[in-house]
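Source file: input-v6.cif. Holds: mmCIF, C-alpha atoms and all ligand atoms.
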data_start
loop_
_atom_site.label_atom_id
_atom_site.label_comp_id
_atom_site.auth_asym_id
_atom_site.auth_seq_id
_atom_site.Cartn_x
_atom_site.Cartn_y
_atom_site.Cartn_z
CA MET A 219 -14.22 -9.76 7.80
CA ILE A 220 -12.35 -7.06 9.69
CA VAL A 221 -9.85 -5.39 7.37
CA PHE A 222 -7.06 -3.18 8.73
CA ILE A 223 -6.00 -0.71 6.02
CA THR A 224 -2.99 1.58 6.35
CA GLY A 225 -2.89 4.74 4.24
CA ALA A 226 -6.69 4.93 4.07
CA SER A 227 -6.89 8.75 3.98
CA ALA A 228 -6.41 8.86 0.19
CA GLY A 229 -5.99 6.89 -3.03
CA PHE A 230 -6.02 3.09 -2.97
CA GLY A 231 -6.56 2.82 0.79
CA ALA A 232 -9.72 4.97 0.82
CA GLU A 233 -11.12 3.11 -2.19
CA MET A 234 -10.35 -0.27 -0.62
CA ALA A 235 -12.25 0.84 2.50
CA ARG A 236 -15.26 1.75 0.34
CA THR A 237 -15.12 -1.57 -1.53
CA PHE A 238 -14.91 -3.76 1.58
CA VAL A 239 -17.68 -1.83 3.37
CA LYS A 240 -19.93 -1.92 0.28
CA ASN A 241 -19.59 -5.70 0.39
CA GLY A 242 -20.58 -5.98 4.05
CA HIS A 243 -17.20 -5.96 5.81
CA GLN A 244 -15.69 -3.79 8.57
CA VAL A 245 -12.62 -1.65 8.03
CA VAL A 246 -10.11 -0.09 10.39
CA ILE A 247 -8.97 2.97 8.45
CA CYS A 248 -5.56 4.33 9.44
CA ALA A 249 -3.37 7.25 8.38
CA ARG A 250 -1.80 10.43 9.76
CA ARG A 251 -4.45 12.86 8.44
CA THR A 252 -7.31 12.27 10.85
CA ASP A 253 -9.59 14.88 9.25
CA ARG A 254 -9.57 12.77 6.07
CA LEU A 255 -10.24 9.61 8.06
CA GLU A 256 -13.15 11.25 9.90
CA ALA A 257 -14.68 12.32 6.56
CA LEU A 258 -14.34 8.79 5.18
CA ALA A 259 -15.78 7.30 8.36
CA ALA A 260 -18.77 9.68 8.09
CA GLU A 261 -19.30 8.41 4.54
CA LEU A 262 -19.00 4.72 5.47
CA GLY A 263 -20.86 4.68 8.81
CA ASP A 264 -20.40 2.22 11.67
CA ALA A 265 -18.53 -0.29 9.51
CA ALA A 266 -15.48 2.00 9.51
CA LEU A 267 -13.26 2.74 12.49
CA PRO A 268 -10.84 5.65 11.97
CA ILE A 269 -7.53 5.47 13.85
CA GLU A 270 -4.57 7.84 13.68
CA LEU A 271 -1.42 6.02 12.65
CA ASP A 272 2.05 7.00 11.53
CA VAL A 273 3.67 3.76 10.36
CA THR A 274 7.15 5.25 10.78
CA ASP A 275 6.60 5.67 14.53
CA PRO A 276 6.62 2.52 16.72
CA ALA A 277 4.78 4.37 19.52
CA SER A 278 2.04 5.38 17.08
CA ILE A 279 1.65 1.76 15.96
CA ALA A 280 1.43 0.54 19.56
CA ASN A 281 -1.09 3.27 20.38
CA ALA A 282 -3.24 2.53 17.30
CA LEU A 283 -3.43 -1.16 18.18
CA ALA A 284 -4.18 -0.38 21.83
CA MET A 285 -7.08 1.87 20.69
CA LEU A 286 -8.87 -1.01 18.96
CA PRO A 287 -12.09 -1.84 20.84
CA GLN A 288 -12.41 -5.51 21.85
CA SER A 289 -14.92 -6.26 19.09
CA TRP A 290 -12.48 -4.94 16.44
CA ARG A 291 -9.41 -6.87 17.54
CA GLN A 292 -9.72 -9.96 15.37
CA ILE A 293 -8.09 -8.64 12.21
CA ASP A 294 -8.77 -10.95 9.27
CA VAL A 295 -6.95 -8.95 6.61
CA LEU A 296 -4.04 -6.54 7.00
CA ILE A 297 -3.52 -4.31 3.95
CA ASN A 298 -0.11 -2.66 4.16
CA ASN A 299 -0.91 0.11 1.71
CA ALA A 300 0.66 3.22 3.31
CA GLY A 301 3.60 4.21 1.19
CA LEU A 302 5.17 6.88 -0.95
CA ALA A 303 7.73 7.83 -3.52
CA LEU A 304 9.70 11.05 -3.12
CA GLY A 305 11.38 12.65 -6.10
CA THR A 306 12.78 11.35 -9.37
CA LYS A 307 16.34 12.69 -9.09
CA PRO A 308 19.23 10.38 -10.00
CA ALA A 309 20.90 8.55 -7.12
CA HIS A 310 23.87 10.95 -6.93
CA GLU A 311 21.54 13.96 -6.47
CA ALA A 312 18.57 12.62 -4.49
CA PRO A 313 18.22 13.89 -0.90
CA LEU A 314 19.23 11.21 1.60
CA GLU A 315 16.29 12.24 3.86
CA ASP A 316 13.87 11.30 1.07
CA TRP A 317 15.46 7.87 0.80
CA GLU A 318 15.22 7.41 4.57
CA THR A 319 11.54 8.43 4.57
CA MET A 320 10.72 5.94 1.80
CA ILE A 321 12.57 3.13 3.55
CA GLY A 322 11.01 4.03 6.92
CA THR A 323 7.49 4.06 5.48
CA ASN A 324 7.47 1.46 2.70
CA CYS A 325 9.76 -1.10 4.38
CA THR A 326 10.18 -0.58 8.13
CA GLY A 327 6.60 0.56 8.72
CA LEU A 328 5.20 -2.35 6.72
CA VAL A 329 7.38 -4.84 8.56
CA ARG A 330 6.42 -3.46 11.98
CA LEU A 331 2.67 -3.67 11.30
CA THR A 332 3.03 -7.17 9.92
CA ARG A 333 5.05 -8.34 12.91
CA ALA A 334 2.45 -6.85 15.27
CA LEU A 335 -0.62 -8.47 13.67
CA LEU A 336 0.77 -11.78 12.38
CA PRO A 337 0.97 -13.79 15.64
CA ALA A 338 -2.80 -13.58 16.28
CA MET A 339 -3.50 -14.67 12.70
CA VAL A 340 -1.20 -17.68 13.07
CA GLU A 341 -2.76 -18.54 16.43
CA ARG A 342 -6.24 -18.48 14.84
CA GLY A 343 -5.06 -20.42 11.79
CA SER A 344 -6.39 -17.86 9.32
CA GLY A 345 -5.64 -14.41 8.02
CA LEU A 346 -4.26 -12.54 5.04
CA VAL A 347 -1.59 -9.89 4.58
CA ILE A 348 -1.78 -7.88 1.35
CA ASN A 349 1.31 -5.74 0.75
CA LEU A 350 1.35 -2.95 -1.81
CA GLY A 351 4.33 -3.51 -4.04
CA SER A 352 4.77 -1.92 -7.45
CA VAL A 353 6.05 -2.56 -10.94
CA ALA A 354 8.86 -0.28 -9.72
CA GLY A 355 10.01 -3.23 -7.61
CA HIS A 356 10.22 -5.45 -10.69
CA TYR A 357 11.76 -3.21 -13.35
CA PRO A 358 14.32 -0.41 -12.96
CA TYR A 359 13.74 3.08 -14.34
CA PRO A 360 15.75 6.31 -14.10
CA GLY A 361 14.96 8.09 -10.84
CA GLY A 362 13.30 5.01 -9.37
CA ASN A 363 16.40 4.18 -7.29
CA VAL A 364 15.28 3.81 -3.65
CA TYR A 365 11.52 3.80 -4.31
CA GLY A 366 11.90 0.79 -6.61
CA ALA A 367 14.24 -0.86 -4.12
CA THR A 368 11.67 -0.50 -1.31
CA LYS A 369 9.07 -2.20 -3.50
CA ALA A 370 11.50 -5.02 -4.38
CA PHE A 371 11.88 -5.46 -0.62
CA VAL A 372 8.08 -5.66 -0.30
CA GLU A 373 7.93 -8.38 -2.96
CA GLN A 374 10.65 -10.51 -1.38
CA PHE A 375 9.40 -9.98 2.16
CA THR A 376 5.96 -11.15 1.03
CA LEU A 377 7.36 -14.28 -0.60
CA ASN A 378 9.43 -14.99 2.48
CA LEU A 379 6.29 -14.60 4.60
CA ARG A 380 4.78 -17.30 2.41
CA ALA A 381 7.76 -19.51 3.13
CA ASP A 382 7.32 -19.08 6.89
CA LEU A 383 3.51 -19.30 6.87
CA VAL A 384 3.07 -22.55 4.98
CA GLY A 385 0.82 -24.80 7.05
CA THR A 386 -0.49 -21.99 9.25
CA GLY A 387 -3.54 -21.11 7.16
CA VAL A 388 -2.32 -17.50 6.90
CA ARG A 389 -1.94 -16.09 3.40
CA ALA A 390 0.24 -13.31 1.95
CA THR A 391 0.11 -11.41 -1.33
CA ASN A 392 2.24 -8.82 -3.06
CA LEU A 393 -0.09 -6.57 -5.08
CA ALA A 394 2.04 -4.68 -7.60
CA PRO A 395 0.32 -2.03 -9.74
CA GLY A 396 1.80 -0.02 -12.57
CA LEU A 397 0.73 3.48 -13.66
CA CYS A 398 -2.31 4.42 -11.62
CA GLY A 399 -4.04 7.80 -11.72
CA GLY A 400 -6.52 9.62 -9.52
CA THR A 401 -4.52 9.22 -6.30
CA GLU A 402 -2.12 11.59 -4.53
CA PHE A 403 0.90 9.43 -5.36
CA SER A 404 2.48 11.80 -7.91
CA ASN A 405 1.45 14.95 -5.99
CA VAL A 406 3.43 13.55 -3.06
CA ARG A 407 6.30 12.42 -5.29
CA PHE A 408 6.61 15.89 -6.85
CA LYS A 409 6.18 17.53 -3.44
CA GLY A 410 3.09 19.57 -4.25
CA ASP A 411 4.00 20.46 -7.86
CA ASP A 412 0.56 19.46 -9.13
CA ALA A 413 1.35 20.41 -12.74
CA ALA A 414 4.30 18.00 -12.79
CA ALA A 415 2.10 15.36 -11.16
CA ALA A 416 -0.66 15.79 -13.75
CA LYS A 417 1.88 15.44 -16.61
CA VAL A 418 2.62 11.85 -15.55
CA TYR A 419 -0.88 10.80 -16.69
CA GLU A 420 -1.23 13.07 -19.74
CA GLY A 421 -2.57 11.18 -22.77
CA THR A 422 -2.91 7.90 -20.85
CA THR A 423 -5.75 5.79 -19.52
CA PRO A 424 -4.10 4.70 -16.26
CA LEU A 425 -5.31 2.14 -13.75
CA THR A 426 -7.67 3.59 -11.14
CA ALA A 427 -7.86 3.18 -7.38
CA LYS A 428 -11.08 1.25 -8.02
CA ASP A 429 -9.17 -1.28 -10.16
CA ILE A 430 -6.72 -1.85 -7.30
CA ALA A 431 -9.43 -1.98 -4.63
CA GLU A 432 -11.39 -4.57 -6.61
CA THR A 433 -8.23 -6.63 -7.07
CA ALA A 434 -7.55 -6.53 -3.31
CA TYR A 435 -11.17 -7.53 -2.66
CA TRP A 436 -10.89 -10.42 -5.12
CA ILE A 437 -7.68 -11.65 -3.42
CA ALA A 438 -9.30 -11.43 0.02
CA THR A 439 -12.43 -13.34 -1.00
CA LEU A 440 -10.80 -16.27 -2.76
CA PRO A 441 -11.36 -19.64 -1.05
CA PRO A 442 -8.97 -20.21 1.89
CA HIS A 443 -6.93 -22.80 -0.04
CA VAL A 444 -5.96 -20.24 -2.72
CA ASN A 445 -2.99 -17.91 -2.18
CA VAL A 446 -2.11 -15.25 -4.74
CA ASN A 447 1.64 -14.92 -4.14
CA SER A 448 2.20 -11.91 -6.34
CA ILE A 449 0.08 -10.10 -8.87
CA GLU A 450 1.23 -7.35 -11.22
CA LEU A 451 -1.15 -5.04 -13.06
CA MET A 452 -0.50 -2.41 -15.72
CA PRO A 453 -2.86 -0.26 -17.71
CA THR A 454 -3.09 -1.43 -21.31
CA CYS A 455 -1.30 1.74 -22.43
CA GLN A 456 1.84 0.90 -20.38
CA GLY A 457 4.62 -1.40 -21.60
CA PHE A 458 8.38 -1.80 -21.60
CA SER A 459 11.27 0.18 -23.03
CA PRO A 460 14.40 -1.16 -24.71
CA PHE A 461 17.70 -1.10 -22.81
CA ASN A 462 19.27 2.32 -22.63
CA ILE A 463 22.64 2.21 -24.39
CA LYS A 464 24.96 5.22 -24.27
CA ARG A 465 26.90 5.32 -27.54
CA SER A 466 30.04 7.39 -27.94
P1 LIG A 501 -1.64 8.21 -2.03
O1 LIG A 501 -0.55 9.22 -1.88
O2 LIG A 501 -2.92 8.64 -2.67
O3 LIG A 501 -1.98 7.57 -0.60
C1 LIG A 501 -0.95 7.18 0.26
C2 LIG A 501 -1.50 6.91 1.62
O4 LIG A 501 -0.41 6.51 2.48
C3 LIG A 501 -2.17 8.11 2.25
O5 LIG A 501 -3.38 7.71 2.83
C4 LIG A 501 -1.17 8.56 3.31
O6 LIG A 501 -1.89 9.08 4.44
C5 LIG A 501 -0.53 7.22 3.68
N1 LIG A 501 0.78 7.38 4.34
C6 LIG A 501 1.91 7.92 3.84
N2 LIG A 501 2.87 7.94 4.78
C7 LIG A 501 2.30 7.40 5.90
C8 LIG A 501 2.77 7.17 7.21
N3 LIG A 501 4.03 7.50 7.61
N4 LIG A 501 1.95 6.59 8.12
C9 LIG A 501 0.68 6.26 7.75
N5 LIG A 501 0.18 6.48 6.54
C10 LIG A 501 0.98 7.05 5.63
O7 LIG A 501 -0.97 7.00 -2.83
P2 LIG A 501 -1.62 5.70 -3.57
O8 LIG A 501 -2.94 5.41 -3.03
O9 LIG A 501 -1.45 5.89 -5.02
O10 LIG A 501 -0.56 4.59 -3.13
C11 LIG A 501 -0.82 3.64 -2.13
C12 LIG A 501 0.27 2.57 -2.16
O11 LIG A 501 0.33 2.00 -3.47
C13 LIG A 501 1.67 3.09 -1.87
O12 LIG A 501 2.35 2.10 -1.12
C14 LIG A 501 2.30 3.23 -3.26
O13 LIG A 501 3.70 3.12 -3.22
C15 LIG A 501 1.65 2.06 -3.97
N6 LIG A 501 1.59 2.18 -5.43
C16 LIG A 501 1.01 3.27 -6.04
C17 LIG A 501 0.95 3.33 -7.42
C18 LIG A 501 0.37 4.50 -8.15
O14 LIG A 501 0.70 4.70 -9.33
N7 LIG A 501 -0.48 5.30 -7.53
C19 LIG A 501 1.42 2.24 -8.26
C20 LIG A 501 2.03 1.16 -7.51
C21 LIG A 501 2.08 1.12 -6.16
P3 LIG A 501 -1.43 10.30 5.37
O15 LIG A 501 -0.60 11.22 4.54
O16 LIG A 501 -2.74 10.88 5.81
O17 LIG A 501 -0.68 9.64 6.49
C1 LIG A 502 4.15 3.49 -8.69
C2 LIG A 502 4.38 3.10 -10.09
O1 LIG A 502 5.88 3.41 -12.13
O2 LIG A 502 5.34 5.38 -10.81
O3 LIG A 502 4.64 2.52 -7.82
O4 LIG A 502 6.89 3.75 -9.98
S1 LIG A 502 5.70 3.95 -10.77
#
Please express the file's structure as structure tokens.
Ligand code: NDP
Ligand code: 8X3
Amino acid sequence: MIVFITGASAGFGAEMARTFVKNGHQVVICARRTDRLEALAAELGDAALPIELDVTDPASIANALAMLPQSWRQIDVLINNAGLALGTKPAHEAPLEDWETMIGTNCTGLVRLTRALLPAMVERGSGLVINLGSVAGHYPYPGGNVYGATKAFVEQFTLNLRADLVGTGVRATNLAPGLCGGTEFSNVRFKGDDAAAAKVYEGTTPLTAKDIAETAYWIATLPPHVNVNSIELMPTCQGFSPFNIKRS
């Protein structure tokens, strides 16, 4: 299989690249930080093709796809993994630019990549799109405002893809993890405050990027008649809170 992975310079994306290559597949590894991609490509060898990509920039998407050599053009699996959360401020205090960046990356970028690669999959009668959702798209939490909303969009877009793709042989999955450590997610969310980022995982045994990569690999290697519509994972130490009631 040829697997096109966005956000492969860190976290889940890099680990997914390792997992697919270890199992004999080829990966197109995309992100903005090309030095990271080059290092990963050096680790993975000829089975990995690094390509610079900013999913928020339509010209960058067009350029990345145009850079694909002929023998890498038949994408079997698109993993829309690039994404981010910015901040945990309440809605009335959060910077509007942060909201726009999350929407531009997690929603618009994901939609653009999907729209670009889907027609060839439908034409071939096979293919798979795995979108990275989140538990934040299923359950609200304070400070989750736009991040959670972008992931709810990812879930519904994926299910609507399923509605459109019935009968085409092309599959779509929303992969929605909960608390997951060992990636740069919280470092990005807390804008470089690594102490605040580390606190998120204190005293927990979170999911790991390997858990998510192995789940993506499992989804991609199921028989063609099996479609995982949506899958949610949490570490065993994570659960649910009661409703928050403000009493006078
Ligand atoms: P990381 O911060 O470790 O990795 C994010 C990746 O996305 C990086 O490779 C980054 O690369 C890339 N990226 C960000 N913006 C862009 C952009 N504009 N264009 C291209 N690539 C971009 O995060 P995770 O691996 O933890 O998260 C991956 C996905 O999983 C995200 O969608 C996240 O929302 C989701 N998720 C994460 C969870 C967690 O707890 N970690 C839980 C649930 C979902 P670069 O900066 O080089 O461009
Ligand atoms: C990441 C999980 O709970 O930090 O999508 O929003 S959470």
Please write out the residues within 7 Å of ligand LIG 501 (chain A) as a short mmCIF file (atom, residue, chain, number, x, y, z; two decimals) with C-alpha atoms, in the coordinates of the input, counting all atoms listed in the file.
data_model
loop_
_atom_site.label_atom_id
_atom_site.label_comp_id
_atom_site.auth_asym_id
_atom_site.auth_seq_id
_atom_site.Cartn_x
_atom_site.Cartn_y
_atom_site.Cartn_z
CA THR A 224 -2.99 1.58 6.35
CA GLY A 225 -2.89 4.74 4.24
CA ALA A 226 -6.69 4.93 4.07
CA SER A 227 -6.89 8.75 3.98
CA ALA A 228 -6.41 8.86 0.19
CA GLY A 229 -5.99 6.89 -3.03
CA PHE A 230 -6.02 3.09 -2.97
CA GLY A 231 -6.56 2.82 0.79
CA CYS A 248 -5.56 4.33 9.44
CA ALA A 249 -3.37 7.25 8.38
CA ARG A 250 -1.80 10.43 9.76
CA ARG A 251 -4.45 12.86 8.44
CA THR A 252 -7.31 12.27 10.85
CA LEU A 271 -1.42 6.02 12.65
CA ASP A 272 2.05 7.00 11.53
CA VAL A 273 3.67 3.76 10.36
CA THR A 274 7.15 5.25 10.78
CA ASN A 299 -0.91 0.11 1.71
CA ALA A 300 0.66 3.22 3.31
CA GLY A 301 3.60 4.21 1.19
CA LEU A 302 5.17 6.88 -0.95
CA ALA A 303 7.73 7.83 -3.52
CA THR A 323 7.49 4.06 5.48
CA ASN A 324 7.47 1.46 2.70
CA LEU A 350 1.35 -2.95 -1.81
CA GLY A 351 4.33 -3.51 -4.04
CA SER A 352 4.77 -1.92 -7.45
CA VAL A 353 6.05 -2.56 -10.94
CA ALA A 394 2.04 -4.68 -7.60
CA PRO A 395 0.32 -2.03 -9.74
CA GLY A 396 1.80 -0.02 -12.57
CA LEU A 397 0.73 3.48 -13.66
CA CYS A 398 -2.31 4.42 -11.62
CA GLY A 399 -4.04 7.80 -11.72
CA THR A 401 -4.52 9.22 -6.30
CA GLU A 402 -2.12 11.59 -4.53
CA PHE A 403 0.90 9.43 -5.36
CA VAL A 406 3.43 13.55 -3.06
CA ALA A 427 -7.86 3.18 -7.38
#
> Quick one: residues within 10 Å of segment 440-456 of chain A, only C-alpha atoms counted, chain neighbours fewer than 2 positions away excluded, as an MDAnalysis selection string?
Replying inline: chainID A and resid 344:346 348:349 351:353 356 373:374 376:377 379:380 387:398 421:426 429:430 433 435:438 458:459
Kindly compute an axis-aligned box around the listed atoms of segment 421-434 of chain A, allowing 8 Å on each side, and express its centre and edge lengths in Å to one decimal as lines of an AutoDock Vina configuration file.
center_x = -7.0
center_y = 2.3
center_z = -13.0
size_x = 24.8
size_y = 33.8
size_z = 35.5
>> Under the rule that only C-alpha atoms and all ligand atoms are counted, which of A:Gly385, A:Gly400, A:Pro358, A:Pro460 is the nearest residue to ligand LIG 502 (chain A)?
In response: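 Of A:Gly385, A:Gly400, A:Pro358, A:Pro460, the one nearest ligand LIG 502 (chain A) is A:Pro358, counting only C-alpha atoms and all ligand atoms.
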>> Please compute the atom CA of Met339 of chain A-atom CA of Ile321 of chain A distance, one decimal, in Å.
In response: 25.7 Å
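Closest to Gly305 of chain A among A:Pro337, A:Leu286, A:Met320, A:Asn281 is A:Met320, based on all atoms listed in the file.
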